[in-house]
file my_file30.cif (mmCIF, C-alpha atoms)
data_start
#
loop_
_atom_site.label_atom_id
_atom_site.label_comp_id
_atom_site.auth_asym_id
_atom_site.auth_seq_id
_atom_site.Cartn_x
_atom_site.Cartn_y
_atom_site.Cartn_z
CA MET A 205 13.59 16.92 23.39
CA HIS A 206 11.40 18.94 25.72
CA ARG A 207 8.03 20.10 24.56
CA ASN A 208 6.06 22.65 26.50
CA PRO A 209 2.55 21.14 26.71
CA ASP A 210 1.06 24.61 27.05
CA ARG A 211 2.03 25.49 23.52
CA PRO A 212 -0.42 24.49 20.77
CA MET A 213 0.60 21.73 18.39
CA SER A 214 0.60 22.09 14.65
CA PRO A 215 -1.59 21.91 12.58
CA HIS A 216 -3.84 23.89 14.96
CA PHE A 217 -7.02 21.96 14.24
CA THR A 218 -9.11 24.19 16.45
CA ILE A 219 -8.17 27.53 14.91
CA TRP A 220 -8.15 26.64 11.22
CA LYS A 221 -11.24 27.32 9.20
CA TRP A 222 -12.37 24.16 7.47
CA GLY A 223 -12.37 24.25 3.68
CA PRO A 224 -13.39 21.71 1.03
CA HIS A 225 -9.74 20.91 0.28
CA MET A 226 -9.25 19.67 3.86
CA LEU A 227 -12.41 17.59 3.69
CA VAL A 228 -11.45 16.07 0.33
CA SER A 229 -7.96 15.29 1.64
CA ILE A 230 -9.15 13.28 4.64
CA VAL A 231 -12.01 11.73 2.64
CA HIS A 232 -9.40 10.51 0.13
CA ARG A 233 -7.69 8.59 2.93
CA VAL A 234 -10.90 7.29 4.47
CA THR A 235 -12.30 6.11 1.12
CA GLY A 236 -8.90 4.61 0.27
CA ALA A 237 -8.81 2.60 3.49
CA GLY A 238 -12.44 1.57 3.03
CA LEU A 239 -11.87 0.48 -0.57
CA ALA A 240 -8.76 -1.43 0.46
CA ALA A 241 -10.65 -3.45 3.06
CA ALA A 242 -14.15 -3.81 1.59
CA GLY A 243 -13.34 -3.51 -2.11
CA GLY A 244 -10.30 -5.78 -1.85
CA ALA A 245 -12.28 -8.41 0.06
CA VAL A 246 -15.22 -8.44 -2.35
CA LEU A 247 -12.93 -8.62 -5.39
CA VAL A 248 -11.14 -11.67 -3.95
CA TRP A 249 -14.43 -13.29 -2.94
CA TRP A 250 -15.97 -12.78 -6.38
CA LEU A 251 -12.96 -14.30 -8.17
CA LEU A 252 -12.65 -17.23 -5.73
CA ALA A 253 -16.39 -17.85 -6.08
CA ALA A 254 -16.08 -17.95 -9.87
CA ALA A 255 -13.13 -20.35 -9.59
CA GLY A 256 -14.85 -22.51 -6.99
CA GLY A 257 -17.78 -23.70 -9.08
CA PRO A 258 -21.52 -23.01 -9.48
CA ASP A 259 -22.35 -23.51 -5.80
CA SER A 260 -19.74 -21.12 -4.45
CA TYR A 261 -20.71 -18.59 -7.14
CA ALA A 262 -24.36 -18.90 -6.11
CA ASP A 263 -23.35 -18.15 -2.49
CA PHE A 264 -21.69 -14.97 -3.73
CA THR A 265 -24.55 -13.80 -5.96
CA ASP A 266 -27.14 -14.61 -3.27
CA TRP A 267 -25.34 -12.22 -0.98
CA ALA A 268 -24.45 -9.64 -3.64
CA THR A 269 -28.03 -9.31 -4.91
CA TRP A 270 -29.60 -9.37 -1.43
CA LYS A 271 -31.44 -6.05 -0.99
CA TRP A 272 -29.61 -5.13 2.22
CA ALA A 273 -26.30 -5.61 0.42
CA LEU A 274 -27.07 -2.20 -1.10
CA ILE A 275 -25.81 -0.80 2.23
CA PHE A 276 -22.48 -2.26 1.11
CA TRP A 277 -22.58 -1.59 -2.66
CA VAL A 278 -23.82 2.01 -2.73
CA PRO A 279 -21.18 3.42 -0.30
CA LEU A 280 -18.53 1.25 -1.99
CA SER A 281 -19.37 2.67 -5.42
CA TRP A 282 -19.42 6.22 -4.04
CA ALA A 283 -16.04 5.62 -2.35
CA LEU A 284 -14.60 4.34 -5.63
CA PHE A 285 -15.84 7.41 -7.55
CA GLN A 286 -14.70 9.82 -4.82
CA HIS A 287 -11.26 8.23 -4.47
CA THR A 288 -10.81 8.10 -8.25
CA LEU A 289 -11.84 11.73 -8.86
CA SER A 290 -9.78 12.86 -5.89
CA GLY A 291 -6.87 10.80 -7.22
CA LEU A 292 -7.14 12.48 -10.63
CA ARG A 293 -7.10 15.85 -8.82
CA HIS A 294 -3.95 14.69 -7.02
CA PHE A 295 -2.22 14.10 -10.36
CA VAL A 296 -2.82 17.75 -11.26
CA LEU A 297 -1.67 18.97 -7.82
CA ASP A 298 1.40 16.70 -7.97
CA ALA A 299 2.31 18.33 -11.28
CA GLY A 300 2.35 21.63 -9.39
CA ALA A 301 -0.84 23.10 -10.84
CA GLY A 302 -4.17 24.12 -9.39
CA TYR A 303 -3.02 25.64 -6.12
CA GLU A 304 -4.65 29.07 -6.61
CA LEU A 305 -7.18 29.32 -3.78
CA SER A 306 -10.27 29.64 -5.96
CA THR A 307 -9.14 26.89 -8.38
CA ASN A 308 -8.17 24.59 -5.55
CA LYS A 309 -11.50 25.06 -3.79
CA PHE A 310 -13.47 24.64 -7.03
CA TRP A 311 -11.93 21.28 -7.97
CA ALA A 312 -12.09 20.00 -4.39
CA ASN A 313 -15.84 20.70 -4.46
CA MET A 314 -16.13 19.17 -7.93
CA THR A 315 -14.78 15.80 -6.72
CA LEU A 316 -17.57 15.74 -4.10
CA VAL A 317 -20.28 16.80 -6.55
CA GLY A 318 -18.93 14.43 -9.21
CA SER A 319 -18.79 11.37 -6.97
CA VAL A 320 -22.37 11.83 -5.76
CA LEU A 321 -23.57 12.45 -9.31
CA LEU A 322 -21.76 9.41 -10.73
CA THR A 323 -23.05 7.20 -7.89
CA ALA A 324 -26.62 8.39 -8.56
CA LEU A 325 -26.25 7.78 -12.30
CA LEU A 326 -24.76 4.32 -11.77
CA TRP A 327 -27.59 3.19 -9.49
CA ALA A 328 -30.27 4.79 -11.62
CA TRP A 329 -28.86 2.81 -14.53
CA ILE A 330 -28.64 -0.43 -12.54
CA VAL A 331 -32.18 -0.10 -11.14
CA TYR A 332 -34.06 1.42 -14.09
CA GLY A 333 -31.85 0.96 -17.13
CA ARG A 334 -30.44 -2.50 -16.89
CA GLY A 335 -33.19 -3.98 -14.73
CA ALA A 336 -30.53 -5.51 -12.46
CA MET B 210 30.37 21.57 14.89
CA SER B 211 28.93 19.48 12.13
CA MET B 212 29.71 20.25 8.51
CA GLU B 213 26.44 18.65 7.38
CA THR B 214 23.85 20.79 5.66
CA PRO B 215 20.49 21.11 7.41
CA LEU B 216 18.93 19.01 4.64
CA ALA B 217 21.38 16.15 5.16
CA ARG B 218 20.58 16.10 8.88
CA VAL B 219 16.84 15.60 8.36
CA ARG B 220 16.91 13.22 5.37
CA GLY B 221 15.36 9.89 6.22
CA LEU B 222 13.79 11.15 9.43
CA GLY B 223 10.22 11.28 8.10
CA ALA B 224 7.61 8.84 9.37
CA ALA B 225 8.62 6.25 6.78
CA GLY B 226 12.41 6.72 6.98
CA ALA B 227 12.38 6.85 3.16
CA GLY B 228 10.28 8.57 0.57
CA GLY B 229 10.71 9.33 -3.09
CA GLN B 230 10.56 5.81 -4.49
CA HIS B 231 7.43 4.94 -2.56
CA TRP B 232 5.76 8.18 -3.59
CA TRP B 233 6.46 7.53 -7.28
CA HIS B 234 5.34 3.95 -7.09
CA GLU B 235 2.05 5.01 -5.54
CA ARG B 236 1.48 7.40 -8.49
CA THR B 237 2.42 4.89 -11.17
CA THR B 238 0.15 2.23 -9.67
CA SER B 239 -2.63 4.88 -9.51
CA ALA B 240 -2.31 5.62 -13.21
CA ALA B 241 -2.21 1.93 -14.14
CA LEU B 242 -5.12 1.17 -11.85
CA PHE B 243 -7.23 3.91 -13.41
CA LEU B 244 -6.78 2.40 -16.88
CA LEU B 245 -7.41 -1.13 -15.63
CA LEU B 246 -10.57 -0.12 -13.74
CA VAL B 247 -11.94 1.56 -16.87
CA TRP B 248 -11.19 -1.68 -18.72
CA LEU B 249 -12.98 -3.75 -16.03
CA ALA B 250 -16.03 -1.46 -15.95
CA VAL B 251 -16.38 -1.45 -19.75
CA SER B 252 -15.88 -5.24 -19.92
CA LEU B 253 -18.46 -6.01 -17.24
CA VAL B 254 -21.03 -3.63 -18.73
CA ARG B 255 -20.61 -5.28 -22.14
CA LEU B 256 -21.31 -8.75 -20.73
CA PRO B 257 -24.93 -9.89 -21.11
CA GLY B 258 -25.03 -10.72 -17.39
CA LEU B 259 -22.84 -11.53 -14.41
CA ASP B 260 -24.05 -15.09 -13.93
CA TYR B 261 -21.67 -18.01 -13.38
CA GLY B 262 -21.53 -19.26 -16.96
CA THR B 263 -21.04 -15.83 -18.52
CA VAL B 264 -18.34 -14.77 -16.06
CA ARG B 265 -16.47 -18.10 -16.41
CA GLU B 266 -16.56 -17.96 -20.20
CA TRP B 267 -15.39 -14.35 -20.20
CA LEU B 268 -12.59 -14.91 -17.68
CA SER B 269 -11.29 -18.01 -19.45
CA GLN B 270 -10.30 -15.91 -22.47
CA PRO B 271 -6.73 -14.53 -22.48
CA VAL B 272 -8.01 -11.04 -23.39
CA ALA B 273 -9.88 -10.98 -20.08
CA ALA B 274 -7.62 -13.10 -17.88
CA VAL B 275 -4.40 -11.20 -18.61
CA PRO B 276 -5.76 -7.69 -17.80
CA MET B 277 -7.46 -9.18 -14.73
CA LEU B 278 -4.13 -10.59 -13.51
CA LEU B 279 -2.58 -7.15 -14.03
CA LEU B 280 -5.48 -5.50 -12.23
CA ILE B 281 -5.01 -7.79 -9.23
CA VAL B 282 -1.26 -7.13 -9.01
CA VAL B 283 -1.67 -3.37 -9.35
CA THR B 284 -4.69 -3.15 -7.03
CA PHE B 285 -2.98 -4.89 -4.15
CA GLN B 286 0.27 -3.01 -4.68
CA HIS B 287 -1.71 0.23 -4.51
CA ILE B 288 -3.58 -0.97 -1.40
CA LYS B 289 -0.27 -1.92 0.23
CA HIS B 290 1.21 1.50 -0.57
CA GLY B 291 -1.79 3.48 0.60
CA LEU B 292 -2.32 1.63 3.87
CA THR B 293 1.43 1.77 4.55
CA VAL B 294 1.36 5.58 4.36
CA ILE B 295 -1.69 5.75 6.63
CA ILE B 296 -0.01 3.54 9.24
CA GLU B 297 3.25 5.49 9.05
CA ASP B 298 1.35 8.72 9.61
CA TYR B 299 -0.88 7.70 12.48
CA VAL B 300 0.89 4.89 14.37
CA HIS B 301 3.75 6.55 16.25
CA ASP B 302 5.04 3.73 18.43
CA GLU B 303 7.80 1.90 16.51
CA GLY B 304 6.72 -1.54 17.74
CA SER B 305 3.06 -1.21 16.81
CA LYS B 306 4.00 0.52 13.56
CA LEU B 307 6.13 -2.46 12.55
CA PHE B 308 3.37 -4.85 13.61
CA TRP B 309 0.65 -3.12 11.58
CA LEU B 310 2.92 -2.69 8.55
CA MET B 311 3.51 -6.45 8.62
CA VAL B 312 -0.21 -7.17 8.97
CA VAL B 313 -1.01 -4.94 5.98
CA ASN B 314 1.80 -6.34 3.85
CA PHE B 315 0.96 -9.97 4.61
CA ALA B 316 -2.76 -9.40 4.07
CA ALA B 317 -2.22 -7.62 0.74
CA VAL B 318 0.10 -10.34 -0.57
CA LEU B 319 -2.22 -13.09 0.63
CA ALA B 320 -5.27 -11.46 -0.96
CA ALA B 321 -3.39 -10.96 -4.24
CA ALA B 322 -2.22 -14.59 -4.24
CA LEU B 323 -5.78 -15.87 -3.69
CA ALA B 324 -7.18 -13.67 -6.46
CA LEU B 325 -4.39 -14.57 -8.92
CA PHE B 326 -4.87 -18.25 -8.19
CA ALA B 327 -8.61 -17.93 -8.81
CA VAL B 328 -8.14 -16.25 -12.19
CA LEU B 329 -5.48 -18.75 -13.27
CA LYS B 330 -7.69 -21.64 -12.22
CA VAL B 331 -10.51 -20.34 -14.41
CA ALA B 332 -8.23 -19.43 -17.31
CA LEU B 333 -6.02 -22.53 -17.34
CA GLY B 334 -8.28 -25.09 -15.71
CA ALA B 335 -10.35 -27.80 -17.29
CA GLU B 336 -13.76 -26.96 -18.71
CA ALA B 337 -16.27 -25.79 -16.12
CA ASP B 338 -17.92 -28.62 -14.25
#

call {"tool": "encode", "arguments": {"input": "my_file30.cif", "output": "structure tokens"}}
result
Amino acid sequence: MHRNPDRPMSPHFTIWKWGPHMLVSIVHRVTGAGLAAAGGAVLVWWLLAAAGGPDSYADFTDWATWKWALIFWVPLSWALFQHTLSGLRHFVLDAGAGYELSTNKFWANMTLVGSVLLTALLWAWIVYGRGA
Amino acid sequence: MSMETPLARVRGLGAAGAGGQHWWHERTTSAALFLLLVWLAVSLVRLPGLDYGTVREWLSQPVAAVPMLLLIVVTFQHIKHGLTVIIEDYVHDEGSKLFWLMVVNFAAVLAAALALFAVLKVALGAEAD
């Protein structure tokens, strides 16, 4: 197979106008990979800590409630909301609906708005409502 | 001249070498995971706290342990599927692709085994020390 390097390669990153659907698509992958690594690790740690006894559980909660751990928890919760909302949008797209340009753009934007809103509500509740 | 249809010539030549089954499995695990995550969120919010005693007592009940076991299985299957697709799309060299697919598969199975063991230990083990 010979490819002429002078010819542009699909998908023509440089000439396509960016839209919310493209952003949401790549963000779905990035949040998925992030959740897989960080979310998967913290889930396993939490369960092993609970199984390991009071001391190992204290090690976990000391870290989890450390104020700088918010740098971990806030993006993780946003990623979970974004990936979930984007995943629900995928179910609709996979069923063959929602491809009209205006509809597609609207729901792509809504996943972004929704994930930020849900993250804000969650942390407002944790900080002010529940009293952590 | 080949009598094959154009479709038959390209089948199986995608990045993964296969497709439909994996695609469906990713969707079914997504749907299951959504339900299980809603269950986990509701359960944790309903607990009075997330301290050691409360979490142990909660997780030692079958109504909590069984959905948690399901959540672990489905979560790591979904992780395995998702990361597999990412690797197939972006790692083009066959050797490194195989290497990273093995890393992801081994890591996902190991993580799932650790988490399952932890839940079973709490659920089936002796009273908390």

call {"tool": "atom_distance", "arguments": {"input": "my_file30.cif", "atom1": "CA of Ala262 in chain A", "atom2": "CA of Asp260 in chain B"}}
result
8.7 Å

call {"tool": "closest_residue", "arguments": {"input": "my_file30.cif", "among": "A:Leu251, A:Ala241, A:Ala301, A:Leu227", "to": "chain B", "atoms": "only C-alpha atoms"}}
result
A:Leu251

call {"tool": "residues_around", "arguments": {"input": "my_file30.cif", "residues": "range 265-267 of chain B", "least_positions_apart": "2", "cutoff": "10 Å", "atoms": "only C-alpha atoms", "output": "list in words"}}
result
Leu251, Ala254, Ala255, Gly257 and Pro258 of chain A; Ser252, Leu253, Leu256, Leu259, Asp260, Tyr261, Gly262, Thr263, Ser269, Gln270, Pro271, Val272, Ala273, Ala274, Val328, Val331, Ala332, Glu336 and Ala337 of chain B

call {"tool": "closest_atom_pairs", "arguments": {"input": "my_file30.cif", "of": "chain A", "to": "chain B", "cutoff": "9 Å", "atoms": "only C-alpha atoms", "output": "tab-separated table"}}
result
residue	atom	partner	partner_atom	distance
A:Arg233	CA	B:Ile295	CA	7.6
A:Gly236	CA	B:Gly291	CA	7.2
A:Ala237	CA	B:Leu292	CA	6.6
A:Leu239	CA	B:Ile288	CA	8.5
A:Ala240	CA	B:Ile288	CA	5.5
A:Ala241	CA	B:Ile288	CA	8.7
A:Gly244	CA	B:Ala320	CA	7.6
A:Ala245	CA	B:Ala320	CA	7.7
A:Leu247	CA	B:Ala324	CA	7.7
A:Val248	CA	B:Ala324	CA	5.1
A:Trp249	CA	B:Ala324	CA	8.1
A:Trp250	CA	B:Ala324	CA	8.8
A:Leu251	CA	B:Ala327	CA	5.7
A:Leu252	CA	B:Ala327	CA	5.1
A:Ala253	CA	B:Ala327	CA	8.2
A:Ala254	CA	B:Arg265	CA	6.6
A:Ala255	CA	B:Ala327	CA	5.2
A:Gly256	CA	B:Ala327	CA	8.0
A:Gly257	CA	B:Asp338	CA	7.1
A:Pro258	CA	B:Tyr261	CA	6.3
A:Tyr261	CA	B:Tyr261	CA	6.3
A:Ala262	CA	B:Tyr261	CA	7.8
A:Thr265	CA	B:Asp260	CA	8.1
A:Thr288	CA	B:Phe243	CA	7.5
A:Gly291	CA	B:Ser239	CA	7.6
A:Leu292	CA	B:Ala240	CA	8.8
A:Phe295	CA	B:Arg236	CA	7.9

call {"tool": "write_last_selection", "arguments": {"input": "my_file30.cif", "atoms": "C-alpha atoms", "output": "mmCIF file, keeping the file's coordinate frame"}}
result
data_model
loop_
_atom_site.group_PDB
_atom_site.id
_atom_site.type_symbol
_atom_site.label_atom_id
_atom_site.label_comp_id
_atom_site.auth_asym_id
_atom_site.auth_seq_id
_atom_site.Cartn_x
_atom_site.Cartn_y
_atom_site.Cartn_z
ATOM 1 C CA ARG A 233 -7.690 8.590 2.930
ATOM 2 C CA GLY A 236 -8.900 4.610 0.270
ATOM 3 C CA ALA A 237 -8.810 2.600 3.490
ATOM 4 C CA LEU A 239 -11.870 0.480 -0.570
ATOM 5 C CA ALA A 240 -8.760 -1.430 0.460
ATOM 6 C CA ALA A 241 -10.650 -3.450 3.060
ATOM 7 C CA GLY A 244 -10.300 -5.780 -1.850
ATOM 8 C CA ALA A 245 -12.280 -8.410 0.060
ATOM 9 C CA LEU A 247 -12.930 -8.620 -5.390
ATOM 10 C CA VAL A 248 -11.140 -11.670 -3.950
ATOM 11 C CA TRP A 249 -14.430 -13.290 -2.940
ATOM 12 C CA TRP A 250 -15.970 -12.780 -6.380
ATOM 13 C CA LEU A 251 -12.960 -14.300 -8.170
ATOM 14 C CA LEU A 252 -12.650 -17.230 -5.730
ATOM 15 C CA ALA A 253 -16.390 -17.850 -6.080
ATOM 16 C CA ALA A 254 -16.080 -17.950 -9.870
ATOM 17 C CA ALA A 255 -13.130 -20.350 -9.590
ATOM 18 C CA GLY A 256 -14.850 -22.510 -6.990
ATOM 19 C CA GLY A 257 -17.780 -23.700 -9.080
ATOM 20 C CA PRO A 258 -21.520 -23.010 -9.480
ATOM 21 C CA TYR A 261 -20.710 -18.590 -7.140
ATOM 22 C CA ALA A 262 -24.360 -18.900 -6.110
ATOM 23 C CA THR A 265 -24.550 -13.800 -5.960
ATOM 24 C CA THR A 288 -10.810 8.100 -8.250
ATOM 25 C CA GLY A 291 -6.870 10.800 -7.220
ATOM 26 C CA LEU A 292 -7.140 12.480 -10.630
ATOM 27 C CA PHE A 295 -2.220 14.100 -10.360
#

call {"tool": "resolve_selection", "arguments": {"input": "my_file30.cif", "expression": "the PyMOL selection byres ((chain A and resi 318-335) around 8)", "output": "ChimeraX atom specification"}}
result
/A:278,281-283,285-286,289,314-317,336

call {"tool": "atom_distance", "arguments": {"input": "my_file30.cif", "atom1": "CA of Leu297 in chain A", "atom2": "CA of Thr237 in chain B"}}
result
15.0 Å

call {"tool": "atom_distance", "arguments": {"input": "my_file30.cif", "atom1": "CA of His294 in chain A", "atom2": "CA of Trp311 in chain A"}}
result
10.4 Å

call {"tool": "closest_residue", "arguments": {"input": "my_file30.cif", "among": "B:Gly223, B:Leu279, B:Val300, B:Val318", "to": "Leu244 in chain B", "atoms": "all atoms listed in the file"}}
result
B:Leu279
